[in-house]
Amino acid sequence: MPAPAMTLDAFRAWAASEDFPESGKVTYYAGRVVFDMSPQQYYTHLAVLEAINSTIGVLVRQLDTGRYFPDGGWLTNDAADVSNEPDAMFVSWRSFESGRFAMKHGDQEDSPQMVGAPDWVCEVLSDASVEKDTVVLREAYHKAGIPEYWMLDARGEQVDFKLLIAGEQGYAEAPADGDGWRRSPVFGREFHLSRDRDRVNRWRYCLAHR
């Protein structure tokens with residue numbers, strides 16, 4: 001366990017050590033360390049990410065607009081004093097080329113540090129991550145200069161899809177039309193997230209775009 005208050009450099013050093021947890025998610029923001037060690041639920045978390053990955057990942061590849069990073073990429077932004085592992089990220093070629101975002105390779109070529117500001121981040125809420133995703137990371141991602149933040153919550157009777165666009169004072173939710181479509185400035189598309197029951201009566205999700 002790290003000290004109750006620490007610096008970003010100290011957190012980076014701890015994250016690279018053998019003492020860092022091998023499971024769960026650990027977030028550093030402005031001297032505070034937030035632990036989420038609960039197992040990820042399949043039908044309200046992993047199945048949602050499956051829909052995001054299969055749609056956004058394919059769309060980015062088809063349009064050749066940048067790189068899509070599914071769950072597992074570690075992001076650090078010095079200006080916002082934040083370091084964490086988003087559920088998904090997208091970085092445009094322009095952000096790579098301008099230096100807004102970089103993948104810095106150290107001793108381990110296959111484990112680069114992702115530093116800077118991606119164009120888009122996504123978090124899927126769980127019971128243990130509500131405050132982190134809706135308060136801590138919403139503030140941190142905006143300070144980091146990330147233009148678009150998606151927050152998805154599938155724990156209730158309806159799927160809550162918040163498409164947040166950065167403004168001067170914080171993120172504002174993009175309005176939905178009468179059928180629930182929301183427009184993403186980053187991807188230049190409208191998106192709609194829905195779910196239904198499969199043949200064994202379990203939730204499955206569909207992220208449509210137009």
# chains A, B, ... in the order shown; residues from 1 in each chain; ligands from 1
>>> residues_around(residues="Gly156 (chain A)", least_positions_apart="2", cutoff="12 Å", atoms="only C-alpha atoms", output="PDB file with all heavy atoms, in the first residue's frame")
ATOM      1  N   TYR A  43     -22.366  -8.999 -17.334  1.00  0.00           N
ATOM      2  CA  TYR A  43     -23.516  -8.503 -18.096  1.00  0.00           C
ATOM      3  C   TYR A  43     -23.747  -7.004 -17.957  1.00  0.00           C
ATOM      4  O   TYR A  43     -24.506  -6.425 -18.738  1.00  0.00           O
ATOM      5  CB  TYR A  43     -24.773  -9.279 -17.706  1.00  0.00           C
ATOM      6  CG  TYR A  43     -24.697 -10.724 -18.143  1.00  0.00           C
ATOM      7  CD1 TYR A  43     -24.547 -11.736 -17.206  1.00  0.00           C
ATOM      8  CD2 TYR A  43     -24.732 -11.066 -19.484  1.00  0.00           C
ATOM      9  CE1 TYR A  43     -24.449 -13.071 -17.600  1.00  0.00           C
ATOM     10  CE2 TYR A  43     -24.632 -12.390 -19.894  1.00  0.00           C
ATOM     11  CZ  TYR A  43     -24.481 -13.382 -18.954  1.00  0.00           C
ATOM     12  OH  TYR A  43     -24.366 -14.693 -19.352  1.00  0.00           O
ATOM     13  N   THR A  44     -23.131  -6.365 -16.977  1.00  0.00           N
ATOM     14  CA  THR A  44     -23.291  -4.912 -16.846  1.00  0.00           C
ATOM     15  C   THR A  44     -21.986  -4.157 -17.073  1.00  0.00           C
ATOM     16  O   THR A  44     -21.966  -2.931 -16.991  1.00  0.00           O
ATOM     17  CB  THR A  44     -23.842  -4.544 -15.456  1.00  0.00           C
ATOM     18  OG1 THR A  44     -22.945  -5.045 -14.441  1.00  0.00           O
ATOM     19  CG2 THR A  44     -25.234  -5.098 -15.264  1.00  0.00           C
ATOM     20  N   LEU A 125     -19.528   2.171 -15.779  1.00  0.00           N
ATOM     21  CA  LEU A 125     -19.692   2.236 -14.334  1.00  0.00           C
ATOM     22  C   LEU A 125     -19.985   0.868 -13.722  1.00  0.00           C
ATOM     23  O   LEU A 125     -20.667   0.036 -14.326  1.00  0.00           O
ATOM     24  CB  LEU A 125     -20.829   3.191 -13.962  1.00  0.00           C
ATOM     25  CG  LEU A 125     -20.489   4.686 -13.842  1.00  0.00           C
ATOM     26  CD1 LEU A 125     -20.059   5.268 -15.187  1.00  0.00           C
ATOM     27  CD2 LEU A 125     -21.674   5.452 -13.285  1.00  0.00           C
ATOM     28  N   SER A 126     -19.452   0.681 -12.530  1.00  0.00           N
ATOM     29  CA  SER A 126     -19.791  -0.467 -11.694  1.00  0.00           C
ATOM     30  C   SER A 126     -20.134   0.066 -10.311  1.00  0.00           C
ATOM     31  O   SER A 126     -19.956   1.251 -10.028  1.00  0.00           O
ATOM     32  CB  SER A 126     -18.619  -1.448 -11.624  1.00  0.00           C
ATOM     33  OG  SER A 126     -17.491  -0.839 -11.017  1.00  0.00           O
ATOM     34  N   ASP A 127     -20.619  -0.799  -9.429  1.00  0.00           N
ATOM     35  CA  ASP A 127     -20.995  -0.346  -8.090  1.00  0.00           C
ATOM     36  C   ASP A 127     -19.827   0.315  -7.369  1.00  0.00           C
ATOM     37  O   ASP A 127     -20.006   1.274  -6.618  1.00  0.00           O
ATOM     38  CB  ASP A 127     -21.513  -1.526  -7.264  1.00  0.00           C
ATOM     39  CG  ASP A 127     -22.859  -2.037  -7.745  1.00  0.00           C
ATOM     40  OD1 ASP A 127     -23.554  -1.298  -8.458  1.00  0.00           O
ATOM     41  OD2 ASP A 127     -23.216  -3.182  -7.405  1.00  0.00           O
ATOM     42  N   LEU A 152     -20.923   5.096 -19.383  1.00  0.00           N
ATOM     43  CA  LEU A 152     -21.992   4.147 -19.657  1.00  0.00           C
ATOM     44  C   LEU A 152     -22.342   3.413 -18.374  1.00  0.00           C
ATOM     45  O   LEU A 152     -21.465   2.930 -17.655  1.00  0.00           O
ATOM     46  CB  LEU A 152     -21.550   3.137 -20.718  1.00  0.00           C
ATOM     47  CG  LEU A 152     -20.927   3.737 -21.986  1.00  0.00           C
ATOM     48  CD1 LEU A 152     -20.426   2.641 -22.892  1.00  0.00           C
ATOM     49  CD2 LEU A 152     -21.927   4.612 -22.712  1.00  0.00           C
ATOM     50  N   ASP A 153     -23.641   3.320 -18.097  1.00  0.00           N
ATOM     51  CA  ASP A 153     -24.111   2.659 -16.882  1.00  0.00           C
ATOM     52  C   ASP A 153     -25.246   1.713 -17.254  1.00  0.00           C
ATOM     53  O   ASP A 153     -26.338   2.155 -17.626  1.00  0.00           O
ATOM     54  CB  ASP A 153     -24.588   3.703 -15.872  1.00  0.00           C
ATOM     55  CG  ASP A 153     -24.909   3.097 -14.513  1.00  0.00           C
ATOM     56  OD1 ASP A 153     -24.865   1.858 -14.387  1.00  0.00           O
ATOM     57  OD2 ASP A 153     -25.192   3.867 -13.572  1.00  0.00           O
ATOM     58  N   ALA A 154     -24.975   0.412 -17.156  1.00  0.00           N
ATOM     59  CA  ALA A 154     -25.967  -0.599 -17.532  1.00  0.00           C
ATOM     60  C   ALA A 154     -26.522  -1.330 -16.325  1.00  0.00           C
ATOM     61  O   ALA A 154     -27.106  -2.408 -16.458  1.00  0.00           O
ATOM     62  CB  ALA A 154     -25.337  -1.597 -18.504  1.00  0.00           C
ATOM     63  N   GLN A 158     -32.719   0.849 -17.387  1.00  0.00           N
ATOM     64  CA  GLN A 158     -32.384   1.388 -18.695  1.00  0.00           C
ATOM     65  C   GLN A 158     -30.880   1.643 -18.754  1.00  0.00           C
ATOM     66  O   GLN A 158     -30.256   1.954 -17.742  1.00  0.00           O
ATOM     67  CB  GLN A 158     -33.141   2.708 -18.963  1.00  0.00           C
ATOM     68  CG  GLN A 158     -34.652   2.599 -18.905  1.00  0.00           C
ATOM     69  CD  GLN A 158     -35.209   1.778 -20.053  1.00  0.00           C
ATOM     70  OE1 GLN A 158     -34.639   1.763 -21.151  1.00  0.00           O
ATOM     71  NE2 GLN A 158     -36.329   1.104 -19.816  1.00  0.00           N
ATOM     72  N   VAL A 159     -30.302   1.513 -19.935  1.00  0.00           N
ATOM     73  CA  VAL A 159     -28.889   1.821 -20.110  1.00  0.00           C
ATOM     74  C   VAL A 159     -28.722   3.338 -20.147  1.00  0.00           C
ATOM     75  O   VAL A 159     -29.379   4.035 -20.922  1.00  0.00           O
ATOM     76  CB  VAL A 159     -28.338   1.208 -21.409  1.00  0.00           C
ATOM     77  CG1 VAL A 159     -26.856   1.542 -21.563  1.00  0.00           C
ATOM     78  CG2 VAL A 159     -28.542  -0.290 -21.410  1.00  0.00           C
ATOM     79  N   ASP A 160     -27.864   3.854 -19.291  1.00  0.00           N
ATOM     80  CA  ASP A 160     -27.592   5.294 -19.226  1.00  0.00           C
ATOM     81  C   ASP A 160     -26.324   5.583 -20.026  1.00  0.00           C
ATOM     82  O   ASP A 160     -25.233   5.184 -19.630  1.00  0.00           O
ATOM     83  CB  ASP A 160     -27.423   5.731 -17.774  1.00  0.00           C
ATOM     84  CG  ASP A 160     -27.265   7.241 -17.635  1.00  0.00           C
ATOM     85  OD1 ASP A 160     -27.487   7.952 -18.639  1.00  0.00           O
ATOM     86  OD2 ASP A 160     -26.901   7.708 -16.539  1.00  0.00           O
ATOM     87  N   PHE A 161     -26.475   6.267 -21.144  1.00  0.00           N
ATOM     88  CA  PHE A 161     -25.373   6.585 -22.049  1.00  0.00           C
ATOM     89  C   PHE A 161     -25.156   8.096 -22.029  1.00  0.00           C
ATOM     90  O   PHE A 161     -25.954   8.849 -22.565  1.00  0.00           O
ATOM     91  CB  PHE A 161     -25.716   6.086 -23.449  1.00  0.00           C
ATOM     92  CG  PHE A 161     -24.725   6.456 -24.528  1.00  0.00           C
ATOM     93  CD1 PHE A 161     -23.432   6.860 -24.240  1.00  0.00           C
ATOM     94  CD2 PHE A 161     -25.102   6.372 -25.863  1.00  0.00           C
ATOM     95  CE1 PHE A 161     -22.533   7.191 -25.242  1.00  0.00           C
ATOM     96  CE2 PHE A 161     -24.220   6.687 -26.874  1.00  0.00           C
ATOM     97  CZ  PHE A 161     -22.934   7.100 -26.560  1.00  0.00           C
ATOM     98  N   ARG A 195     -29.904  -2.516 -25.694  1.00  0.00           N
ATOM     99  CA  ARG A 195     -29.660  -3.890 -25.272  1.00  0.00           C
ATOM    100  C   ARG A 195     -30.938  -4.698 -25.413  1.00  0.00           C
ATOM    101  O   ARG A 195     -32.053  -4.170 -25.385  1.00  0.00           O
ATOM    102  CB  ARG A 195     -29.147  -3.950 -23.840  1.00  0.00           C
ATOM    103  CG  ARG A 195     -30.158  -3.580 -22.775  1.00  0.00           C
ATOM    104  CD  ARG A 195     -29.533  -3.672 -21.383  1.00  0.00           C
ATOM    105  NE  ARG A 195     -30.463  -3.216 -20.354  1.00  0.00           N
ATOM    106  CZ  ARG A 195     -30.145  -3.065 -19.074  1.00  0.00           C
ATOM    107  NH1 ARG A 195     -28.918  -3.339 -18.663  1.00  0.00           N
ATOM    108  NH2 ARG A 195     -31.043  -2.646 -18.196  1.00  0.00           N
TER     109      ARG A 195
END
>>> residues_around(residues="region 172-181 of chain A", least_positions_apart="2", cutoff="9 Å", atoms="only C-alpha atoms", output="list in words")
Lys162, Leu163, Leu164, Ile165, Ala166, Gly167, Gln169, Gly170, Arg183, Ser184, Glu190, Phe191, His192, Leu193 and His209 of chain A
>>> select_by_dssp(residues="chain A", states="strand (DSSP E or B)", output="number ranges by chain")
A: 25-29, 32-36, 66-69, 75-77, 82-84, 88-92, 101-104, 113-116, 120-124, 148-153, 160-166, 171-173, 176, 182-184, 189-197, 203-209
>>> residues_around(residues="Thr134 (chain A)", least_positions_apart="5", cutoff="10 Å", atoms="only C-alpha atoms", output="list of chain:residue names")
A:Glu123, A:Leu125, A:Ser129, A:Glu139, A:Met151
>>> closest_residue(among="A:Asp71, A:Glu85, A:Glu131, A:Asp64", to="Tyr28 (chain A)", atoms="only C-alpha atoms")
A:Glu85
>>> closest_residue(among="A:Ser98, A:Asn84, A:Thr27, A:Thr65", to="Val121 (chain A)", atoms="only C-alpha atoms")
A:Asn84
>>> closest_residue(among="A:Ser23, A:Tyr29, A:Phe187, A:Val135", to="Leu63 (chain A)", atoms="only C-alpha atoms")
A:Phe187
>>> closest_residue(among="A:Val82, A:Val124, A:Leu59, A:Val115", to="Tyr42 (chain A)", atoms="only C-alpha atoms")
A:Val124
